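Right, one structure below, let's go through it.
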Amino acid sequence: MARYYAMSIEPDLFGEACLIRRWGRIGASGQRLVRHFESEEEAVGLFLKLLRQKRRRGYGPRSHLSRETIA
């Protein structure tokens with residue numbers, strides 16, 4: 001089954017750091033989880049911890065797929 005897992009750290013409207021996680025089957029809308037932090041360092045710490053866990057489970061960086069332009 002082809003799956004994806006994506007994470008990003010973004011600021012919210014109040015200046016707090018948010019760790020946004022998205023996952024699901026490729027081609028489906030999937031799920032989303034947002035966690036708020038008072039400091040960006042806390043968000044980065046959890047980001048790196050989750051990154052190590054996902055790499056151990058077989059997730060890796062997105063491969064560069066060739067996209068053909070349609071004329």
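Within each chain, counting starts at residue 1; across the structure tokens, chains are named A, B, ... in the order shown, with ligands numbered 1 upward in that order.
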Requested in this report: List every residue of chain A that DSSP, applied to the backbone of this structure, assigns to strand (DSSP E), and report them as a ChimeraX atom specification.
Outcome: /A:3-11,17-25,31-37
Can I get the selected residues back with N, CA and C atoms, as a PDB file, in the first residue's frame?
```pdb
ATOM      1  N   ARG A   3       1.802   4.851   0.876  1.00  0.00           N
ATOM      2  CA  ARG A   3       1.409   5.801   1.906  1.00  0.00           C
ATOM      3  C   ARG A   3       2.363   6.980   1.915  1.00  0.00           C
ATOM      4  N   TYR A   4       1.906   8.058   2.530  1.00  0.00           N
ATOM      5  CA  TYR A   4       2.766   9.220   2.706  1.00  0.00           C
ATOM      6  C   TYR A   4       2.684   9.712   4.136  1.00  0.00           C
ATOM      7  N   TYR A   5       3.732  10.420   4.552  1.00  0.00           N
ATOM      8  CA  TYR A   5       3.778  11.051   5.863  1.00  0.00           C
ATOM      9  C   TYR A   5       4.562  12.337   5.679  1.00  0.00           C
ATOM     10  N   ALA A   6       3.975  13.466   6.027  1.00  0.00           N
ATOM     11  CA  ALA A   6       4.629  14.767   5.845  1.00  0.00           C
ATOM     12  C   ALA A   6       4.544  15.568   7.135  1.00  0.00           C
ATOM     13  N   MET A   7       5.620  16.311   7.429  1.00  0.00           N
ATOM     14  CA  MET A   7       5.649  17.164   8.611  1.00  0.00           C
ATOM     15  C   MET A   7       6.184  18.534   8.222  1.00  0.00           C
ATOM     16  N   SER A   8       5.696  19.555   8.918  1.00  0.00           N
ATOM     17  CA  SER A   8       6.226  20.903   8.729  1.00  0.00           C
ATOM     18  C   SER A   8       6.050  21.684  10.022  1.00  0.00           C
ATOM     19  N   ILE A   9       6.923  22.668  10.227  1.00  0.00           N
ATOM     20  CA  ILE A   9       6.821  23.569  11.365  1.00  0.00           C
ATOM     21  C   ILE A   9       6.485  24.937  10.798  1.00  0.00           C
ATOM     22  N   GLU A  10       5.366  25.487  11.263  1.00  0.00           N
ATOM     23  CA  GLU A  10       4.873  26.770  10.748  1.00  0.00           C
ATOM     24  C   GLU A  10       4.383  27.629  11.906  1.00  0.00           C
ATOM     25  N   PRO A  11       4.454  28.948  11.779  1.00  0.00           N
ATOM     26  CA  PRO A  11       3.922  29.814  12.838  1.00  0.00           C
ATOM     27  C   PRO A  11       2.398  29.918  12.723  1.00  0.00           C
ATOM     28  N   ALA A  17       4.895  28.347  17.482  1.00  0.00           N
ATOM     29  CA  ALA A  17       5.289  27.357  16.478  1.00  0.00           C
ATOM     30  C   ALA A  17       4.294  26.207  16.500  1.00  0.00           C
ATOM     31  N   CYS A  18       3.929  25.727  15.315  1.00  0.00           N
ATOM     32  CA  CYS A  18       3.013  24.597  15.184  1.00  0.00           C
ATOM     33  C   CYS A  18       3.700  23.496  14.388  1.00  0.00           C
ATOM     34  N   LEU A  19       3.631  22.283  14.904  1.00  0.00           N
ATOM     35  CA  LEU A  19       4.099  21.123  14.159  1.00  0.00           C
ATOM     36  C   LEU A  19       2.879  20.521  13.486  1.00  0.00           C
ATOM     37  N   ILE A  20       2.881  20.523  12.162  1.00  0.00           N
ATOM     38  CA  ILE A  20       1.748  20.007  11.390  1.00  0.00           C
ATOM     39  C   ILE A  20       2.166  18.693  10.772  1.00  0.00           C
ATOM     40  N   ARG A  21       1.386  17.641  11.063  1.00  0.00           N
ATOM     41  CA  ARG A  21       1.663  16.319  10.506  1.00  0.00           C
ATOM     42  C   ARG A  21       0.499  15.894   9.626  1.00  0.00           C
ATOM     43  N   ARG A  22       0.815  15.377   8.439  1.00  0.00           N
ATOM     44  CA  ARG A  22      -0.193  14.870   7.501  1.00  0.00           C
ATOM     45  C   ARG A  22       0.216  13.469   7.067  1.00  0.00           C
ATOM     46  N   TRP A  23      -0.760  12.556   6.992  1.00  0.00           N
ATOM     47  CA  TRP A  23      -0.458  11.198   6.577  1.00  0.00           C
ATOM     48  C   TRP A  23      -1.686  10.544   5.972  1.00  0.00           C
ATOM     49  N   GLY A  24      -1.435   9.459   5.237  1.00  0.00           N
ATOM     50  CA  GLY A  24      -2.527   8.705   4.635  1.00  0.00           C
ATOM     51  C   GLY A  24      -2.066   7.943   3.418  1.00  0.00           C
ATOM     52  N   ARG A  25      -3.013   7.449   2.665  1.00  0.00           N
ATOM     53  CA  ARG A  25      -2.715   6.739   1.422  1.00  0.00           C
ATOM     54  C   ARG A  25      -2.516   7.758   0.309  1.00  0.00           C
ATOM     55  N   GLN A  31      -5.157  12.328   6.841  1.00  0.00           N
ATOM     56  CA  GLN A  31      -5.469  12.940   8.121  1.00  0.00           C
ATOM     57  C   GLN A  31      -4.457  14.027   8.428  1.00  0.00           C
ATOM     58  N   ARG A  32      -4.800  14.857   9.402  1.00  0.00           N
ATOM     59  CA  ARG A  32      -3.950  15.987   9.763  1.00  0.00           C
ATOM     60  C   ARG A  32      -3.997  16.178  11.272  1.00  0.00           C
ATOM     61  N   LEU A  33      -2.831  16.454  11.858  1.00  0.00           N
ATOM     62  CA  LEU A  33      -2.733  16.699  13.289  1.00  0.00           C
ATOM     63  C   LEU A  33      -1.843  17.918  13.497  1.00  0.00           C
ATOM     64  N   VAL A  34      -2.332  18.888  14.273  1.00  0.00           N
ATOM     65  CA  VAL A  34      -1.582  20.121  14.546  1.00  0.00           C
ATOM     66  C   VAL A  34      -1.303  20.181  16.044  1.00  0.00           C
ATOM     67  N   ARG A  35      -0.033  20.421  16.397  1.00  0.00           N
ATOM     68  CA  ARG A  35       0.344  20.563  17.810  1.00  0.00           C
ATOM     69  C   ARG A  35       1.041  21.910  17.984  1.00  0.00           C
ATOM     70  N   HIS A  36       0.615  22.676  18.967  1.00  0.00           N
ATOM     71  CA  HIS A  36       1.141  24.016  19.215  1.00  0.00           C
ATOM     72  C   HIS A  36       2.233  23.970  20.287  1.00  0.00           C
ATOM     73  N   PHE A  37       3.270  24.789  20.097  1.00  0.00           N
ATOM     74  CA  PHE A  37       4.377  24.893  21.039  1.00  0.00           C
ATOM     75  C   PHE A  37       4.638  26.362  21.345  1.00  0.00           C
TER      76      PHE A  37
END
```
DSSP on the backbone: which residues in chain A end up as alpha helix (DSSP H)? Give the answer as an mmCIF file with C-alpha atoms, in the first residue's frame.
```cif
data_model
loop_
_atom_site.group_PDB
_atom_site.id
_atom_site.type_symbol
_atom_site.label_atom_id
_atom_site.label_comp_id
_atom_site.auth_asym_id
_atom_site.auth_seq_id
_atom_site.Cartn_x
_atom_site.Cartn_y
_atom_site.Cartn_z
ATOM 1 C CA GLU A 40 10.286 26.696 18.004
ATOM 2 C CA GLU A 41 12.998 24.619 19.733
ATOM 3 C CA GLU A 42 10.355 22.357 21.297
ATOM 4 C CA ALA A 43 8.692 21.868 17.913
ATOM 5 C CA VAL A 44 12.035 21.048 16.267
ATOM 6 C CA GLY A 45 12.811 18.523 19.020
ATOM 7 C CA LEU A 46 9.586 16.613 18.427
ATOM 8 C CA PHE A 47 10.021 16.932 14.639
ATOM 9 C CA LEU A 48 13.456 15.252 14.830
ATOM 10 C CA LYS A 49 12.185 12.532 17.189
ATOM 11 C CA LEU A 50 9.287 11.698 14.853
ATOM 12 C CA LEU A 51 11.608 11.815 11.838
ATOM 13 C CA ARG A 52 13.875 9.161 13.388
ATOM 14 C CA GLN A 53 10.848 6.968 14.211
ATOM 15 C CA LYS A 54 9.428 7.205 10.698
ATOM 16 C CA ARG A 55 12.807 6.472 9.068
ATOM 17 C CA ARG A 56 13.103 3.304 11.194
#
```
